[in-house]
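The next block is run02.pdb, given as PDB, C-alpha atoms.
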```pdb
ATOM      1  CA  MET A 945      -9.188 -51.688  -5.471
ATOM      2  CA  LYS A 946      -9.481 -53.433  -8.808
ATOM      3  CA  LEU A 947      -6.803 -52.630 -11.389
ATOM      4  CA  GLU A 948      -7.891 -52.223 -14.987
ATOM      5  CA  PRO A 949      -5.826 -53.932 -17.693
ATOM      6  CA  TYR A 950      -3.637 -51.615 -19.755
ATOM      7  CA  THR A 951      -5.114 -50.901 -23.199
ATOM      8  CA  GLU A 952      -4.547 -48.417 -25.994
ATOM      9  CA  GLU A 953      -7.884 -46.811 -25.068
ATOM     10  CA  LEU A 954      -6.631 -46.088 -21.560
ATOM     11  CA  ARG A 955      -3.393 -44.787 -22.998
ATOM     12  CA  GLY A 956      -5.355 -42.118 -24.840
ATOM     13  CA  CYS A 957      -2.919 -41.569 -27.699
ATOM     14  CA  PRO A 958      -4.357 -38.770 -29.867
ATOM     15  CA  VAL A 959      -2.940 -40.060 -33.131
ATOM     16  CA  LYS A 960      -3.470 -43.815 -32.824
ATOM     17  CA  GLY A 961      -5.235 -45.090 -35.923
ATOM     18  CA  ASN A 962      -4.859 -41.713 -37.607
ATOM     19  CA  ALA A 963      -1.340 -41.899 -38.992
ATOM     20  CA  TYR A 964       0.188 -39.002 -40.874
ATOM     21  CA  PRO A 965       3.643 -38.842 -42.427
ATOM     22  CA  VAL A 966       4.483 -35.230 -41.551
ATOM     23  CA  LEU A 967       4.429 -33.657 -38.079
ATOM     24  CA  VAL A 968       5.241 -29.955 -37.687
ATOM     25  CA  LEU A 969       5.899 -28.998 -34.083
ATOM     26  CA  GLY A 970       6.260 -25.418 -32.842
ATOM     27  CA  ILE A 971       8.252 -25.269 -29.605
ATOM     28  CA  GLY A 972       8.776 -22.384 -27.188
ATOM     29  CA  ASN A 973       7.229 -20.020 -24.670
ATOM     30  CA  PRO A 974       5.247 -17.093 -26.136
ATOM     31  CA  LEU A 975       5.549 -15.267 -22.799
ATOM     32  CA  MET A 976       9.321 -15.012 -23.211
ATOM     33  CA  GLY A 977       9.755 -12.678 -26.163
ATOM     34  CA  ASP A 978      11.552 -14.276 -29.084
ATOM     35  CA  ASP A 979      11.227 -17.752 -27.583
ATOM     36  CA  GLY A 980       7.665 -17.708 -28.914
ATOM     37  CA  ALA A 981       8.853 -17.759 -32.527
ATOM     38  CA  GLY A 982       8.255 -21.493 -32.989
ATOM     39  CA  VAL A 983       4.727 -21.362 -31.601
ATOM     40  CA  GLU A 984       3.886 -18.334 -33.734
ATOM     41  CA  LEU A 985       5.131 -20.138 -36.857
ATOM     42  CA  ALA A 986       3.007 -23.180 -35.991
ATOM     43  CA  HIS A 987      -0.028 -20.959 -35.480
ATOM     44  CA  ARG A 988       0.408 -19.418 -38.931
ATOM     45  CA  LEU A 989       0.847 -22.837 -40.532
ATOM     46  CA  GLN A 990      -2.348 -24.070 -38.862
ATOM     47  CA  GLU A 991      -4.259 -21.465 -40.840
ATOM     48  CA  ARG A 992      -3.319 -23.261 -44.063
ATOM     49  CA  ASP A 993      -4.703 -26.530 -45.363
ATOM     50  CA  TYR A 994      -2.093 -29.184 -46.116
ATOM     51  CA  GLY A 995      -4.506 -32.104 -46.169
ATOM     52  CA  PRO A 996      -4.818 -35.114 -43.863
ATOM     53  CA  LEU A 997      -1.183 -36.191 -44.211
ATOM     54  CA  VAL A 998       0.205 -33.190 -42.309
ATOM     55  CA  HIS A 999      -0.360 -32.358 -38.650
ATOM     56  CA  VAL A1000       0.747 -28.985 -37.241
ATOM     57  CA  GLU A1001       0.927 -28.722 -33.463
ATOM     58  CA  GLU A1002       1.662 -25.787 -31.159
ATOM     59  CA  GLY A1003       3.852 -27.728 -28.759
ATOM     60  CA  GLY A1004       4.706 -24.746 -26.583
ATOM     61  CA  THR A1005       6.258 -26.020 -23.346
ATOM     62  CA  GLN A1006       4.298 -29.277 -23.031
ATOM     63  CA  GLY A1007       7.295 -31.576 -22.674
ATOM     64  CA  MET A1008       6.742 -35.335 -22.535
ATOM     65  CA  THR A1009       3.028 -35.019 -23.314
ATOM     66  CA  LEU A1010       4.176 -34.471 -26.901
ATOM     67  CA  LEU A1011       5.663 -37.964 -27.110
ATOM     68  CA  PRO A1012       2.540 -39.723 -28.502
ATOM     69  CA  LEU A1013       2.467 -37.287 -31.423
ATOM     70  CA  LEU A1014       5.731 -38.738 -32.733
ATOM     71  CA  GLU A1015       4.434 -42.313 -32.946
ATOM     72  CA  ASP A1016       3.066 -42.264 -36.474
ATOM     73  CA  ALA A1017       5.173 -39.459 -37.946
ATOM     74  CA  ASP A1018       7.720 -40.311 -40.623
ATOM     75  CA  THR A1019       9.076 -36.759 -40.849
ATOM     76  CA  LEU A1020       9.318 -34.261 -37.989
ATOM     77  CA  ILE A1021       9.794 -30.528 -38.611
ATOM     78  CA  LEU A1022      10.678 -28.611 -35.437
ATOM     79  CA  LEU A1023      10.200 -24.837 -35.257
ATOM     80  CA  ASP A1024      12.019 -22.968 -32.507
ATOM     81  CA  ALA A1025      14.112 -19.964 -31.527
ATOM     82  CA  VAL A1026      17.871 -20.517 -31.359
ATOM     83  CA  ARG A1027      20.992 -18.783 -30.102
ATOM     84  CA  THR A1028      24.064 -19.495 -32.199
ATOM     85  CA  GLY A1029      25.776 -16.110 -32.015
ATOM     86  CA  ALA A1030      24.444 -15.063 -35.413
ATOM     87  CA  LEU A1031      22.619 -11.801 -36.059
ATOM     88  CA  PRO A1032      19.125 -11.698 -34.500
ATOM     89  CA  GLY A1033      16.438 -12.591 -36.995
ATOM     90  CA  THR A1034      18.689 -14.751 -39.144
ATOM     91  CA  GLY A1035      17.715 -18.375 -39.485
ATOM     92  CA  GLY A1036      18.414 -21.693 -41.053
ATOM     93  CA  GLN A1037      17.662 -25.381 -40.967
ATOM     94  CA  VAL A1038      19.420 -28.557 -39.915
ATOM     95  CA  THR A1039      18.152 -31.876 -41.234
ATOM     96  CA  ILE A1040      19.103 -35.157 -39.605
ATOM     97  CA  ALA A1041      18.276 -38.520 -41.149
ATOM     98  CA  ALA A1042      17.478 -40.294 -37.915
ATOM     99  CA  ARG A1043      17.063 -43.804 -39.243
ATOM    100  CA  ALA A1044      15.825 -45.811 -42.186
ATOM    101  CA  PRO A1045      12.157 -46.921 -42.093
ATOM    102  CA  GLU A1046      13.094 -50.568 -41.579
ATOM    103  CA  GLN A1047      15.360 -49.633 -38.634
ATOM    104  CA  ARG A1048      12.537 -47.649 -37.036
ATOM    105  CA  ALA A1049      10.138 -50.568 -37.399
ATOM    106  CA  ALA A1050      12.671 -53.035 -36.011
ATOM    107  CA  ALA A1051      13.379 -50.860 -32.966
ATOM    108  CA  ARG A1052       9.659 -50.429 -32.333
ATOM    109  CA  CYS A1053       9.088 -54.186 -32.390
ATOM    110  CA  ALA A1054      12.158 -55.000 -30.302
ATOM    111  CA  GLY A1055      11.197 -52.694 -27.460
ATOM    112  CA  LEU A1056      12.903 -50.290 -25.135
ATOM    113  CA  HIS A1057      16.234 -51.943 -24.442
ATOM    114  CA  ALA A1058      17.018 -52.858 -28.042
ATOM    115  CA  ALA A1059      16.805 -49.332 -29.502
ATOM    116  CA  PRO A1060      20.263 -48.190 -30.696
ATOM    117  CA  LEU A1061      21.359 -44.748 -29.489
ATOM    118  CA  THR A1062      23.357 -43.746 -32.584
ATOM    119  CA  ALA A1063      20.565 -41.561 -33.969
ATOM    120  CA  LEU A1064      20.089 -39.852 -30.614
ATOM    121  CA  GLU A1065      23.801 -39.132 -30.359
ATOM    122  CA  GLN A1066      23.607 -37.611 -33.833
ATOM    123  CA  LEU A1067      20.651 -35.418 -32.899
ATOM    124  CA  LEU A1068      21.578 -33.943 -29.547
ATOM    125  CA  PRO A1069      24.493 -31.681 -30.599
ATOM    126  CA  HIS A1070      22.131 -29.735 -32.857
ATOM    127  CA  PHE A1071      19.998 -28.747 -29.874
ATOM    128  CA  ASP A1072      22.781 -26.938 -28.031
ATOM    129  CA  ALA A1073      21.585 -23.698 -29.631
ATOM    130  CA  VAL A1074      17.871 -24.273 -29.022
ATOM    131  CA  ILE A1075      16.591 -21.963 -26.292
ATOM    132  CA  ASN A1076      13.820 -24.279 -25.195
ATOM    133  CA  THR A1077      15.235 -27.548 -23.817
ATOM    134  CA  ILE A1078      12.115 -29.631 -24.462
ATOM    135  CA  PRO A1079      13.047 -31.231 -27.850
ATOM    136  CA  ALA A1080      16.067 -33.237 -26.665
ATOM    137  CA  PRO A1081      14.336 -35.177 -23.821
ATOM    138  CA  VAL A1082      11.253 -35.865 -25.946
ATOM    139  CA  LEU A1083      13.327 -37.092 -28.875
ATOM    140  CA  GLY A1084      15.475 -39.131 -26.522
ATOM    141  CA  ALA A1085      12.378 -40.866 -25.155
ATOM    142  CA  ALA A1086      11.097 -41.483 -28.683
ATOM    143  CA  GLN A1087      14.483 -42.977 -29.572
ATOM    144  CA  LEU A1088      14.276 -45.405 -26.667
ATOM    145  CA  CYS A1089      10.693 -46.340 -27.544
ATOM    146  CA  GLY A1090      11.575 -46.958 -31.178
ATOM    147  CA  THR A1091       9.237 -44.207 -32.423
ATOM    148  CA  LEU A1092      11.769 -41.593 -33.483
ATOM    149  CA  PRO A1093      10.729 -40.204 -36.903
ATOM    150  CA  ARG A1094      12.818 -41.199 -39.905
ATOM    151  CA  ALA A1095      13.915 -37.632 -40.656
ATOM    152  CA  ILE A1096      14.021 -34.615 -38.366
ATOM    153  CA  THR A1097      14.560 -31.005 -39.414
ATOM    154  CA  LEU A1098      15.053 -28.067 -37.083
ATOM    155  CA  VAL A1099      14.024 -24.680 -38.486
ATOM    156  CA  GLY A1100      15.558 -22.063 -36.214
ATOM    157  CA  VAL A1101      15.242 -18.290 -35.920
ATOM    158  CA  GLU A1102      18.022 -16.440 -34.107
ATOM    159  CA  ALA A1103      16.620 -14.709 -31.010
ATOM    160  CA  LEU A1104      17.513 -11.256 -29.746
ATOM    161  CA  HIS A1105      16.007 -11.614 -26.257
ATOM    162  CA  THR A1106      13.933 -14.059 -24.211
ATOM    163  CA  ASP A1107      12.874 -11.741 -21.410
ATOM    164  CA  PHE A1108       9.678 -12.617 -19.563
ATOM    165  CA  CYS A1109       6.590 -10.653 -20.632
ATOM    166  CA  ARG A1110       8.434  -8.698 -23.301
ATOM    167  CA  PRO A1111       7.061  -8.696 -26.866
ATOM    168  CA  MET A1112       8.826 -10.437 -29.701
ATOM    169  CA  SER A1113      11.644  -8.347 -31.155
ATOM    170  CA  ALA A1114      11.216  -6.576 -34.486
ATOM    171  CA  GLU A1115      14.139  -8.567 -35.906
ATOM    172  CA  VAL A1116      12.475 -11.906 -35.212
ATOM    173  CA  GLN A1117       9.064 -10.709 -36.361
ATOM    174  CA  GLU A1118      10.578  -9.672 -39.690
ATOM    175  CA  ALA A1119      12.253 -13.088 -40.007
ATOM    176  CA  LEU A1120       9.071 -15.102 -39.543
ATOM    177  CA  PRO A1121       7.847 -14.957 -43.192
ATOM    178  CA  LYS A1122      11.146 -16.402 -44.440
ATOM    179  CA  ALA A1123      11.060 -19.133 -41.785
ATOM    180  CA  LEU A1124       7.469 -19.839 -42.794
ATOM    181  CA  ASP A1125       8.533 -20.277 -46.423
ATOM    182  CA  THR A1126      11.280 -22.653 -45.276
ATOM    183  CA  ALA A1127       8.793 -24.726 -43.290
ATOM    184  CA  GLU A1128       6.352 -24.886 -46.199
ATOM    185  CA  ALA A1129       9.103 -26.017 -48.562
ATOM    186  CA  LEU A1130      10.030 -28.773 -46.107
ATOM    187  CA  ILE A1131       6.399 -29.869 -45.860
ATOM    188  CA  ALA A1132       6.130 -30.046 -49.655
ATOM    189  CA  ARG A1133       9.353 -32.056 -49.884
ATOM    190  CA  ALA A1134       8.219 -34.473 -47.165
ATOM    191  CA  LEU A1135       4.894 -35.042 -48.919
ATOM    192  CA  ALA A1136       6.689 -35.660 -52.220
ATOM    193  CA  GLU A1137       8.974 -38.208 -50.551
ATOM    194  CA  HIS A1138       5.976 -39.900 -48.965
ATOM    195  CA  GLN A1139       4.230 -40.139 -52.334
ATOM    196  CA  ALA A1140       7.385 -41.513 -53.953
ATOM    197  CA  GLN A1141       7.677 -44.206 -51.271
ATOM    198  CA  LYS A1142       4.020 -45.047 -51.720
ATOM    199  CA  ASN A1143       4.439 -45.354 -55.498
ATOM    200  CA  ALA A1144       7.524 -47.525 -55.057
ATOM    201  CA  HIS A1145       5.544 -50.014 -52.962
ATOM    202  CA  ALA A1146       2.450 -49.964 -55.175
TER
END
```
For this file, produce the structure as structure tokens.
Amino acid sequence: MKLEPYTEELRGCPVKGNAYPVLVLGIGNPLMGDDGAGVELAHRLQERDYGPLVHVEEGGTQGMTLLPLLEDADTLILLDAVRTGALPGTGGQVTIAARAPEQRAAARCAGLHAAPLTALEQLLPHFDAVINTIPAPVLGAAQLCGTLPRAITLVGVEALHTDFCRPMSAEVQEALPKALDTAEALIARALAEHQAQKNAHA
């Protein structure tokens, strides 16, 4: 059996050569009631046109297959259901500056073993309240590969229930428009920052 050499074509990365600064990722399981909030938000955002610099993905429960999407993203906006003990339907955002652009580039060039774990250690505590456990392993892998986005924001909606095959609660459904506005404001801010960086290097 003849082995083929490893190439980017074989790797099949969906975003290679098509870089965008802003990745919006909806996480969760729509079959588990309120846990589908992140995917529903992503679906609604996909109906709007933000131009070629923004990519909105319904990540669902894909896990590590989402890793290539992070490669060219400068800003990551995660949408998911959370459980913090707050009233169901309430929400908020947590923004973490993962690393400076030059640190990200250096880690990417240095390879797996040279990537510092400080950003990962900063990120993981914020995912204690996230119902879906996918974000932490994916971000951890991106950290080790040197492809962790510069800034990461989690937009969370407090869940009432995550029972299998039950519809989304009325409280979470009513909270979605506000969470959508939050996500759109973050997209606009990320695009403004990208334009400012571009102007600074012009």
Inset, instruction - Kindly resolve the PyMOL selection byres ((chain A and resi 1097) around 9) on the present coordinates and return the residues as a list of chain:residue names. - result: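 With the shown file as input, the PyMOL selection byres ((chain A and resi 1097) around 9) matches A:Thr1019, A:Leu1020, A:Ile1021, A:Leu1022, A:Leu1023, A:Gln1037, A:Val1038, A:Thr1039, A:Ile1040, A:Ala1041, A:Ala1095, A:Ile1096, A:Leu1098, A:Val1099, A:Leu1130.
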Would you mind exporting C-alpha atoms of the selected residues as a short mmCIF file (atom, residue, chain, number, x, y, z; two decimals), in the frame of the given file?
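As a result, selection-v6.cif now contains:
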```cif
data_model
loop_
_atom_site.label_atom_id
_atom_site.label_comp_id
_atom_site.auth_asym_id
_atom_site.auth_seq_id
_atom_site.Cartn_x
_atom_site.Cartn_y
_atom_site.Cartn_z
CA THR A 1019 9.08 -36.76 -40.85
CA LEU A 1020 9.32 -34.26 -37.99
CA ILE A 1021 9.79 -30.53 -38.61
CA LEU A 1022 10.68 -28.61 -35.44
CA LEU A 1023 10.20 -24.84 -35.26
CA GLN A 1037 17.66 -25.38 -40.97
CA VAL A 1038 19.42 -28.56 -39.92
CA THR A 1039 18.15 -31.88 -41.23
CA ILE A 1040 19.10 -35.16 -39.60
CA ALA A 1041 18.28 -38.52 -41.15
CA ALA A 1095 13.92 -37.63 -40.66
CA ILE A 1096 14.02 -34.62 -38.37
CA LEU A 1098 15.05 -28.07 -37.08
CA VAL A 1099 14.02 -24.68 -38.49
CA LEU A 1130 10.03 -28.77 -46.11
#
```
Translate the PyMOL selection byres ((chain A and resi 982-996) around 6), as applied to the file shown, into an explicit residue set as a PDB file with C-alpha atoms, in the frame of the given file.
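New file selection.pdb:
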```pdb
ATOM      1  CA  GLY A 970       6.260 -25.418 -32.842  1.00  0.00           C
ATOM      2  CA  ILE A 971       8.252 -25.269 -29.605  1.00  0.00           C
ATOM      3  CA  GLY A 972       8.776 -22.384 -27.188  1.00  0.00           C
ATOM      4  CA  GLY A 980       7.665 -17.708 -28.914  1.00  0.00           C
ATOM      5  CA  ALA A 981       8.853 -17.759 -32.527  1.00  0.00           C
ATOM      6  CA  LEU A 997      -1.183 -36.191 -44.211  1.00  0.00           C
ATOM      7  CA  VAL A 998       0.205 -33.190 -42.309  1.00  0.00           C
ATOM      8  CA  GLU A1002       1.662 -25.787 -31.159  1.00  0.00           C
ATOM      9  CA  LEU A1023      10.200 -24.837 -35.257  1.00  0.00           C
ATOM     10  CA  ASP A1024      12.019 -22.968 -32.507  1.00  0.00           C
TER      11      ASP A1024
END
```
Legend entry - Nearest to A:Glu1115, chosen from A:Ala1129, A:Leu1135, A:Leu1088, A:Leu1031, with all atoms listed in the file counted in the distances: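 Residue with the minimum atom-to-atom distance to A:Glu1115: A:Leu1031.
Note that the spacing between atom CA of A:Leu1124 and atom CA of A:Leu969 amounts to 12.7 Å.
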Inset, instruction - Find the spatial neighbours of A:Gln1141, counting all atoms listed in the file, within a cut-off of 12 Å - ignore same-chain residues fewer than 4 positions away - and output them as a count of residues only. - result: 9
Inset, instruction - Starting from the point (12.3, -41.3, -31.5), work out which residues of protein, DNA or RNA have an atom no more than 9 Å away when counting only C-alpha atoms; state them as a ChimeraX atom specification. - result: /A:1011,1014-1015,1042,1048,1063-1064,1082-1094
Legend entry - Sel. within 8 Å of pt (12.8, -10.9, -36.4), counting all atoms listed in the file, output as a list in words: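 Taken together, the residues in range are Pro1032, Gly1033, Thr1034, Val1101, Glu1102, Ala1103, Met1112, Ser1113, Ala1114, Glu1115, Val1116, Gln1117, Glu1118, Ala1119 and Leu1120 of chain A.
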Legend entry - For atom CA of A:His1105 and atom CA of A:Asn973, the interatomic separation in Å (one decimal):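 Atom-to-atom, atom CA of A:His1105 and atom CA of A:Asn973 are spaced 12.3 Å apart.
The shortest atom-to-atom distance to A:Leu967, with only C-alpha atoms taken into account, belongs to A:His999 out of A:Ile1131, A:His999, A:Thr1028, A:Asp1016.
We find atom CA of A:Gly977 and atom CA of A:Thr1126 to be spaced 21.6 Å apart.
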Inset, instruction - Could you check which of A:Ala1080, A:Val1026, A:Ala1132, A:Leu975 is closest to A:Gly1004, using only C-alpha atoms? - result: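 Comparing A:Ala1080, A:Val1026, A:Ala1132, A:Leu975 against A:Gly1004, the winner is A:Leu975.
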Inset, instruction - Identify which of the residues A:Gln1139, A:Glu1128, A:Asp978, A:Val1000 lies closest to A:Leu1013, counting all atoms listed in the file when measuring atom-to-atom distances. - result: A:Val1000
